[in-house]
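Structure data (compact mmCIF, C-alpha atoms) from data_18.txt:
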# COMPACT_ATOMS: atom_id res chain seq x y z
CA MET H 1 0.00 0.00 0.00
CA SER H 2 1.38 3.37 -1.01
CA SER H 3 1.99 5.94 1.70
CA VAL H 4 2.00 8.80 -0.83
CA LEU H 5 -0.88 11.24 -0.51
CA HIS H 6 -1.95 12.36 -3.98
CA PRO H 7 -3.48 15.80 -4.68
CA ALA H 8 -7.23 15.99 -4.25
CA ALA H 9 -9.39 16.06 -7.33
CA PRO H 10 -11.32 19.27 -8.11
CA GLY H 11 -14.22 19.68 -5.71
CA GLN H 12 -12.80 17.13 -3.28
CA ASP H 13 -12.10 18.04 0.33
CA PRO H 14 -8.44 17.14 0.96
CA MET H 15 -9.00 16.76 4.72
CA ASN H 16 -11.73 14.19 4.12
CA GLU H 17 -9.33 12.33 1.85
CA VAL H 18 -6.67 12.32 4.56
CA SER H 19 -9.20 10.95 7.04
CA ARG H 20 -10.31 8.26 4.59
CA ILE H 21 -6.74 7.06 4.06
CA SER H 22 -5.69 7.27 7.70
CA VAL H 23 -8.39 4.87 8.91
CA ARG H 24 -6.57 2.09 7.10
CA TYR H 25 -3.75 2.39 9.58
CA ARG H 26 -3.57 1.64 13.31
CA PRO H 27 -0.88 3.89 14.83
CA ILE H 28 1.29 2.04 17.33
CA SER H 29 3.89 4.73 17.90
CA SER H 30 5.12 7.90 16.26
CA HIS H 31 7.10 5.85 13.74
CA LEU H 32 5.12 2.61 13.40
CA ALA H 33 1.64 1.76 12.14
CA ILE H 34 -0.10 -1.40 10.98
CA THR H 35 -3.23 -2.16 8.98
CA PRO H 36 -4.33 -5.62 10.27
CA PRO H 37 -6.90 -5.48 13.07
CA VAL H 38 -5.71 -7.26 16.23
CA SER H 39 -8.00 -9.29 18.51
CA VAL H 40 -6.93 -10.15 22.08
CA VAL H 41 -8.49 -13.25 23.66
CA ILE H 42 -8.54 -13.44 27.47
CA PRO H 43 -9.92 -16.61 29.09
CA ALA H 44 -11.03 -15.79 32.63
CA MET H 45 -12.75 -17.38 35.59
CA ASN H 46 -13.04 -15.39 38.82
CA GLU H 47 -10.33 -12.91 37.82
CA ALA H 48 -12.10 -9.66 38.77
CA GLU H 49 -9.20 -8.54 40.97
CA ASN H 50 -6.60 -9.16 38.27
CA LEU H 51 -8.38 -7.67 35.26
CA PRO H 52 -7.53 -4.04 36.10
CA TYR H 53 -3.83 -4.90 35.80
CA VAL H 54 -4.40 -6.87 32.59
CA PHE H 55 -6.49 -4.23 30.82
CA LYS H 56 -4.23 -1.38 31.95
CA SER H 57 -1.32 -2.90 30.02
CA LEU H 58 -3.26 -3.50 26.79
CA PRO H 59 -2.39 -1.06 23.98
CA GLU H 60 -5.16 1.29 22.87
CA TRP H 61 -4.67 0.46 19.20
CA ILE H 62 -5.94 -3.12 19.38
CA HIS H 63 -9.12 -3.81 17.44
CA GLU H 64 -11.07 -5.78 20.04
CA VAL H 65 -10.87 -7.62 23.36
CA VAL H 66 -12.67 -10.95 23.61
CA LEU H 67 -13.20 -12.06 27.21
CA VAL H 68 -14.23 -15.71 27.60
CA ASP H 69 -15.96 -16.09 30.95
CA GLY H 70 -15.81 -19.53 32.52
CA SER H 71 -18.94 -19.18 34.68
CA SER H 72 -17.33 -16.75 37.10
CA THR H 73 -18.98 -16.28 40.47
CA ASP H 74 -17.34 -12.92 41.11
CA ASP H 75 -17.60 -9.62 39.18
CA THR H 76 -15.29 -10.66 36.33
CA VAL H 77 -17.72 -9.68 33.55
CA ARG H 78 -18.84 -6.43 35.18
CA VAL H 79 -15.27 -5.33 35.82
CA ALA H 80 -14.25 -6.17 32.25
CA ARG H 81 -17.07 -4.04 30.85
CA GLU H 82 -16.18 -1.14 33.10
CA LEU H 83 -12.52 -1.29 32.09
CA TRP H 84 -13.12 -1.81 28.36
CA PRO H 85 -16.69 -0.78 27.41
CA ASP H 86 -16.50 -2.40 23.97
CA VAL H 87 -15.28 -5.75 25.31
CA LYS H 88 -16.88 -8.75 23.63
CA VAL H 89 -17.95 -11.23 26.33
CA VAL H 90 -18.29 -14.90 25.40
CA GLN H 91 -19.88 -17.24 27.92
CA GLN H 92 -17.95 -20.50 27.99
CA LEU H 93 -20.20 -23.53 27.67
CA GLY H 94 -17.55 -26.19 28.35
CA LYS H 95 -14.70 -26.37 30.84
CA GLY H 96 -10.94 -25.89 30.69
CA LYS H 97 -8.53 -23.35 29.24
CA GLY H 98 -8.43 -25.06 25.87
CA ASP H 99 -12.19 -24.97 25.53
CA ALA H 100 -12.20 -21.28 26.53
CA LEU H 101 -9.57 -20.35 23.95
CA ILE H 102 -11.34 -22.25 21.16
CA SER H 103 -14.55 -20.37 22.00
CA GLY H 104 -12.67 -17.08 22.02
CA PHE H 105 -10.95 -17.72 18.71
CA ALA H 106 -14.31 -18.40 17.07
CA ALA H 107 -15.59 -15.00 18.23
CA CYS H 108 -12.62 -12.99 16.92
CA THR H 109 -12.99 -10.70 13.91
CA GLY H 110 -9.38 -9.48 13.72
CA ASP H 111 -6.78 -10.74 11.25
CA ILE H 112 -4.31 -11.26 14.12
CA ILE H 113 -5.23 -13.09 17.33
CA VAL H 114 -3.28 -12.70 20.58
CA MET H 115 -3.69 -15.04 23.58
CA VAL H 116 -3.30 -13.33 26.98
CA ASP H 117 -3.83 -14.85 30.44
CA ALA H 118 -6.14 -13.07 32.90
CA ASP H 119 -3.97 -13.47 36.00
CA GLY H 120 -1.77 -10.41 35.43
CA SER H 121 1.33 -12.48 34.58
CA ALA H 122 1.56 -11.16 31.01
CA ASP H 123 2.62 -7.65 30.01
CA GLY H 124 0.24 -6.36 27.34
CA SER H 125 2.84 -3.89 26.12
CA GLU H 126 4.71 -6.86 24.64
CA ILE H 127 1.91 -7.34 22.09
CA VAL H 128 3.71 -4.95 19.76
CA SER H 129 6.63 -7.41 19.58
CA TYR H 130 4.31 -10.27 18.65
CA VAL H 131 2.51 -8.21 16.01
CA SER H 132 5.83 -7.01 14.59
CA ALA H 133 6.96 -10.62 14.18
CA LEU H 134 3.76 -11.46 12.31
CA VAL H 135 3.72 -8.49 9.96
CA SER H 136 7.39 -9.19 9.25
CA GLY H 137 6.58 -12.62 7.83
CA ALA H 138 5.87 -15.10 10.62
CA ASP H 139 2.63 -17.08 10.75
CA PHE H 140 2.85 -17.84 14.47
CA ALA H 141 4.61 -15.70 17.08
CA LYS H 142 5.43 -17.89 20.06
CA GLY H 143 6.26 -16.32 23.40
CA SER H 144 9.34 -17.68 25.15
CA ARG H 145 10.46 -17.07 28.71
CA PHE H 146 13.85 -18.63 27.93
CA ALA H 147 14.80 -16.84 24.72
CA ASN H 148 17.31 -14.00 25.06
CA GLY H 149 15.47 -11.12 26.71
CA GLY H 150 12.77 -13.30 28.27
CA GLY H 151 12.30 -14.37 31.87
CA THR H 152 9.92 -15.70 34.49
CA ASP H 153 9.09 -14.96 38.11
CA ASP H 154 6.53 -17.73 38.35
CA MET H 155 8.13 -21.13 37.76
CA THR H 156 8.98 -23.65 40.45
CA PRO H 157 12.07 -25.84 39.91
CA LEU H 158 9.76 -28.79 39.14
CA ARG H 159 7.81 -26.89 36.50
CA ARG H 160 11.01 -25.52 34.97
CA LEU H 161 12.48 -29.03 34.72
CA GLY H 162 9.27 -30.46 33.28
CA ASN H 163 8.99 -27.70 30.70
CA ARG H 164 12.62 -28.23 29.65
CA VAL H 165 12.21 -31.99 29.26
CA LEU H 166 8.92 -31.74 27.35
CA CYS H 167 10.36 -29.01 25.13
CA ALA H 168 13.35 -31.23 24.29
CA VAL H 169 11.02 -34.10 23.40
CA VAL H 170 8.97 -31.93 21.04
CA ASN H 171 12.10 -30.56 19.38
CA ALA H 172 13.49 -34.07 18.87
CA LYS H 173 10.26 -35.64 17.66
CA PHE H 174 8.95 -32.88 15.40
CA GLY H 175 12.06 -30.99 14.29
CA ALA H 176 11.13 -27.83 16.20
CA ARG H 177 13.62 -25.39 17.74
CA TYR H 178 11.67 -24.15 20.70
CA THR H 179 13.25 -22.77 23.86
CA ASP H 180 9.92 -22.83 25.72
CA LEU H 181 6.90 -25.10 25.34
CA CYS H 182 4.23 -24.62 28.01
CA TYR H 183 3.57 -20.90 27.74
CA GLY H 184 0.25 -19.30 26.88
CA TYR H 185 1.32 -15.92 25.52
CA ASN H 186 1.21 -16.36 21.74
CA ALA H 187 -0.10 -14.61 18.64
CA PHE H 188 -0.95 -15.76 15.13
CA TRP H 189 -2.72 -14.86 11.91
CA ARG H 190 -6.33 -16.03 12.06
CA HIS H 191 -5.88 -18.09 8.89
CA CYS H 192 -3.60 -20.42 10.87
CA LEU H 193 -6.71 -21.90 12.47
CA ASP H 194 -7.51 -23.45 9.07
CA ASP H 195 -4.27 -25.47 9.29
CA ILE H 196 -4.37 -26.58 12.93
CA THR H 197 -7.38 -28.41 14.34
CA LEU H 198 -7.76 -27.65 18.04
CA ASP H 199 -9.41 -30.52 19.89
CA CYS H 200 -8.32 -30.47 23.53
CA THR H 201 -9.84 -28.66 26.49
CA GLY H 202 -7.10 -28.17 29.10
CA PHE H 203 -3.79 -26.37 29.58
CA GLU H 204 -2.25 -28.75 27.04
CA ILE H 205 -3.79 -26.72 24.22
CA GLU H 206 -0.66 -24.54 24.18
CA THR H 207 1.53 -27.57 23.47
CA LEU H 208 -0.92 -28.86 20.87
CA MET H 209 -0.78 -25.55 19.00
CA ASN H 210 3.02 -25.47 19.14
CA ILE H 211 3.22 -28.96 17.67
CA ARG H 212 0.60 -28.53 14.98
CA VAL H 213 1.99 -25.28 13.60
CA VAL H 214 5.28 -27.11 13.05
CA LYS H 215 3.53 -30.11 11.48
CA ALA H 216 1.60 -27.73 9.20
CA GLY H 217 4.84 -26.14 7.99
CA LEU H 218 3.91 -22.68 9.28
CA ARG H 219 6.59 -20.08 9.92
CA VAL H 220 7.19 -19.76 13.66
CA GLN H 221 9.16 -17.01 15.36
CA GLU H 222 9.86 -16.98 19.09
CA VAL H 223 9.32 -13.68 20.90
CA PRO H 224 11.13 -13.04 24.21
CA SER H 225 8.57 -12.54 26.97
CA HIS H 226 8.68 -11.97 30.71
CA GLU H 227 6.20 -13.83 32.92
CA PHE H 228 5.29 -12.11 36.17
CA LEU H 229 3.77 -13.60 39.29
CA ARG H 230 0.00 -14.02 39.42
CA ILE H 231 -1.25 -10.94 41.26
CA HIS H 232 -4.31 -12.29 43.09
CA GLY H 233 -5.75 -15.75 43.63
CA ALA H 234 -4.38 -19.22 42.97
CA SER H 235 -3.66 -20.88 39.64
CA ASN H 236 -5.62 -23.93 38.48
CA LEU H 237 -2.43 -25.34 36.99
CA ARG H 238 -1.19 -28.58 38.57
CA ALA H 239 2.37 -29.41 37.54
CA VAL H 240 2.23 -33.22 37.61
CA ARG H 241 -1.33 -33.66 36.40
CA ASP H 242 -1.06 -31.15 33.57
CA GLY H 243 2.47 -32.30 32.71
CA LEU H 244 1.12 -35.80 32.11
CA ARG H 245 -1.64 -34.40 29.93
CA VAL H 246 0.96 -32.52 27.88
CA LEU H 247 3.00 -35.71 27.50
CA LYS H 248 -0.09 -37.60 26.28
CA VAL H 249 -0.66 -34.92 23.65
CA ILE H 250 2.94 -35.19 22.47
CA LEU H 251 2.75 -38.99 22.18
CA ARG H 252 -0.61 -38.81 20.41
CA GLU H 253 0.66 -36.26 17.92
CA LYS H 254 3.76 -38.33 17.28
CA ARG H 255 1.68 -41.40 16.49
CA ALA H 256 -0.48 -39.36 14.14
CA HIS H 257 2.62 -37.86 12.54
CA ARG H 258 4.16 -41.32 12.04
CA GLY H 259 0.90 -42.62 10.56
CA ALA H 260 0.66 -39.73 8.10
CA ARG H 261 4.24 -40.31 6.94
CA ALA H 262 3.48 -44.00 6.43
CA VAL H 263 0.52 -43.09 4.22
CA VAL H 264 2.72 -40.78 2.16
CA ARG H 265 5.35 -43.50 1.66
CA ARG H 266 2.72 -46.08 0.72
CA HIS H 267 1.09 -43.83 -1.87
CA SER H 268 4.47 -42.83 -3.24
CA ALA H 269 5.42 -46.49 -3.68
CA LEU H 270 2.13 -47.15 -5.49
CA GLY H 271 2.56 -44.08 -7.65
CA VAL H 272 -0.78 -42.55 -6.67
CA GLY H 273 -1.66 -39.14 -5.34
CA ILE H 274 -1.46 -38.27 -1.67
CA PRO H 275 -4.83 -37.64 0.03
CA ARG H 276 -5.36 -34.00 0.92
CA GLY H 277 -4.18 -33.18 4.45
CA GLU H 278 -1.88 -36.21 4.82
CA ALA H 279 1.24 -34.83 3.20
CA SER H 280 2.43 -32.80 6.20

Represent the structure contained in this file as structure tokens.
Amino acid sequence: MSSVLHPAAPGQDPMNEVSRISVRYRPISSHLAITPPVSVVIPAMNEAENLPYVFKSLPEWIHEVVLVDGSSTDDTVRVARELWPDVKVVQQLGKGKGDALISGFAACTGDIIVMVDADGSADGSEIVSYVSALVSGADFAKGSRFANGGGTDDMTPLRRLGNRVLCAVVNAKFGARYTDLCYGYNAFWRHCLDDITLDCTGFEIETLMNIRVVKAGLRVQEVPSHEFLRIHGASNLRAVRDGLRVLKVILREKRAHRGARAVVRRHSALGVGIPRGEAS
């Protein structure tokens, strides 16, 4: 898109023309602007005390905020509407973080989707880094607490060890180069959802997405991110239980990956075409 402003035609108001052109852009700073609308999805259940910190850090230029409410018994929805009057509230029908994110993704209208936790651990000002990675050519911008410039205040030694081991397994089995696996701060172009089927309901959805974007051959770029401590309340994450669920996802995806490769080899040997969707 050209940034040159041409002279107005006779009888045309030049200021109206400037306004018409400028609405195509979303100013991020004095020297940076983007055109794609950005949707932010926030799954939340009883996070009324944390939402003020979350919404305060969100940049004003984002297109929409989609709050997925998991049947909160506090004032989560009311607080969200007070903080961001145009917030789109989706009532979650199922249970689990994965189910909430899938519901939120379906409600998004932006070209770029950003996943942000509702516990105050993510810094919304980092969204510009994720968006920059996407508009620069990546399909999926994956947050990493262990890339240069990243960090975490909220990982026990057990969780850190488990994340490192599971990350190594995914890298070895699927040819990825991740430095972090179980982290929920990510962003992607909405069209990526056409290439990755999301079919799990718990915290393991983050691992599933990381695996399937690699299997789909999408361009992934890690973005350094700092994870802060949850501000109020207790996390529903359980290291051992959820770690086992993540491992089950990895093993399931590996079996599916091996089966798809076997189909490709068999069809190649027979000299016939490869069924759509089985080549990756």

task = Please identify all polymer residues within 12 Å of Ile62 in chain H, counting all atoms listed in the file, omitting same-chain residues fewer than 6 positions from it, and present them as an MDAnalysis selection string.
result = chainID H and resid 25:28 33:41 55 84 86:87 109:114 124:125 127:128 131

Residues as selected, C-alpha atoms, written as a PDB file, in the frame of the given file, can you do that?
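Once written, out_17.pdb looks like this:
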ATOM      1  CA  TYR H  25      -3.750   2.390   9.580  1.00  0.00           C
ATOM      2  CA  ARG H  26      -3.570   1.640  13.310  1.00  0.00           C
ATOM      3  CA  PRO H  27      -0.880   3.890  14.830  1.00  0.00           C
ATOM      4  CA  ILE H  28       1.290   2.040  17.330  1.00  0.00           C
ATOM      5  CA  ALA H  33       1.640   1.760  12.140  1.00  0.00           C
ATOM      6  CA  ILE H  34      -0.100  -1.400  10.980  1.00  0.00           C
ATOM      7  CA  THR H  35      -3.230  -2.160   8.980  1.00  0.00           C
ATOM      8  CA  PRO H  36      -4.330  -5.620  10.270  1.00  0.00           C
ATOM      9  CA  PRO H  37      -6.900  -5.480  13.070  1.00  0.00           C
ATOM     10  CA  VAL H  38      -5.710  -7.260  16.230  1.00  0.00           C
ATOM     11  CA  SER H  39      -8.000  -9.290  18.510  1.00  0.00           C
ATOM     12  CA  VAL H  40      -6.930 -10.150  22.080  1.00  0.00           C
ATOM     13  CA  VAL H  41      -8.490 -13.250  23.660  1.00  0.00           C
ATOM     14  CA  PHE H  55      -6.490  -4.230  30.820  1.00  0.00           C
ATOM     15  CA  TRP H  84     -13.120  -1.810  28.360  1.00  0.00           C
ATOM     16  CA  ASP H  86     -16.500  -2.400  23.970  1.00  0.00           C
ATOM     17  CA  VAL H  87     -15.280  -5.750  25.310  1.00  0.00           C
ATOM     18  CA  THR H 109     -12.990 -10.700  13.910  1.00  0.00           C
ATOM     19  CA  GLY H 110      -9.380  -9.480  13.720  1.00  0.00           C
ATOM     20  CA  ASP H 111      -6.780 -10.740  11.250  1.00  0.00           C
ATOM     21  CA  ILE H 112      -4.310 -11.260  14.120  1.00  0.00           C
ATOM     22  CA  ILE H 113      -5.230 -13.090  17.330  1.00  0.00           C
ATOM     23  CA  VAL H 114      -3.280 -12.700  20.580  1.00  0.00           C
ATOM     24  CA  GLY H 124       0.240  -6.360  27.340  1.00  0.00           C
ATOM     25  CA  SER H 125       2.840  -3.890  26.120  1.00  0.00           C
ATOM     26  CA  ILE H 127       1.910  -7.340  22.090  1.00  0.00           C
ATOM     27  CA  VAL H 128       3.710  -4.950  19.760  1.00  0.00           C
ATOM     28  CA  VAL H 131       2.510  -8.210  16.010  1.00  0.00           C
TER      29      VAL H 131
END

inquiry  = Which residue is closest to His191 in chain H? Choose from H:Ala234, H:Val213, H:Glu222, H:Arg177 and count all atoms listed in the file.
reply    =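 With all atoms listed in the file as the atom set, the closest residue is H:Val213.
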
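Here the question is which of H:Arg160, H:Lys173, H:Arg78, H:Arg190 gets nearest to Ala107 in chain H using all atoms listed in the file, and that residue is H:Arg190.
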
request  = Using all atoms listed in the file, find the one residue out of H:Leu218, H:Val249, H:Leu32, H:Ala118 that sits nearest to Trp61 in chain H.
outcome  =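 Closest candidate: H:Leu32.
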
query = Which value, in Å to one decimal, gives the distance between CA of Val246 in chain H and CA of Glu204 in chain H?
reply =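 Calculated distance between CA of Val246 in chain H and CA of Glu204 in chain H is 5.0 Å.
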
key: Selection: 10 Å around Leu193 in chain H, only C-alpha atoms, excl. self and same-chain fewer than 2 positions, as a list in words   =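 That gives Ile102, Phe105, Ala106, Phe188, Trp189, Arg190, His191, Asp195, Ile196, Thr197, Leu198, Met209 and Val213 of chain H.
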
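Using all atoms listed in the file, the shortest contact distance between Asp74 in chain H and any of H:Asp123, H:Asp153, H:Asp242, H:Glu49 is found at H:Glu49.
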
request  = Using CA of Leu58 in chain H and CA of Thr152 in chain H as the two end points, give the distance in Å to one decimal.
outcome  =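 Going from CA of Leu58 in chain H over to CA of Thr152 in chain H covers 19.5 Å.
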
request  = Kindly give the distance, in Å, that separates CA of Leu244 in chain H and CA of Gln92 in chain H, rounded to a single decimal.
outcome  =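 Separation between CA of Leu244 in chain H and CA of Gln92 in chain H: 24.8 Å.
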
key: Closest of H:Thr207, H:Ser30, H:Ser121, H:Pro59 to Glu253 in chain H - atom-to-atom distances counting all atoms listed in the file   =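 Closest to Glu253 in chain H, using all atoms listed in the file: H:Thr207.
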
query = Hey, what's within 8 Å of Lys97 in chain H if we count only C-alpha atoms and toss same-chain stuff fewer than 3 positions away? As a PyMOL selection string, please?
reply = chain H and resi 43+100-101+201-203+205

Pick from H:Leu83, H:Tyr130, H:Lys56, H:Leu247 nearest to Ala168 in chain H, counting all atoms listed in the file =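 Going through H:Leu83, H:Tyr130, H:Lys56, H:Leu247 one by one, the smallest distance to Ala168 in chain H is for H:Leu247.
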
message = Taking (-11.3, -8.8, 39.9) in the coordinates of the supplied file, I want to know which residues reach to within 12 Å of it, counting only C-alpha atoms; could you give the answer as a PyMOL selection string?
response = chain H and resi 44-55+72-83+118-120+231-233

message = Residues proximal to (8.1, -9.7, 20.3) were defined as those with any atom within 12 Å of that point in the file's coordinates, counting all atoms listed in the file. Which are they, as number ranges by chain?
response = H: 114, 123-136, 138, 140-145, 147-150, 185-187, 221-226
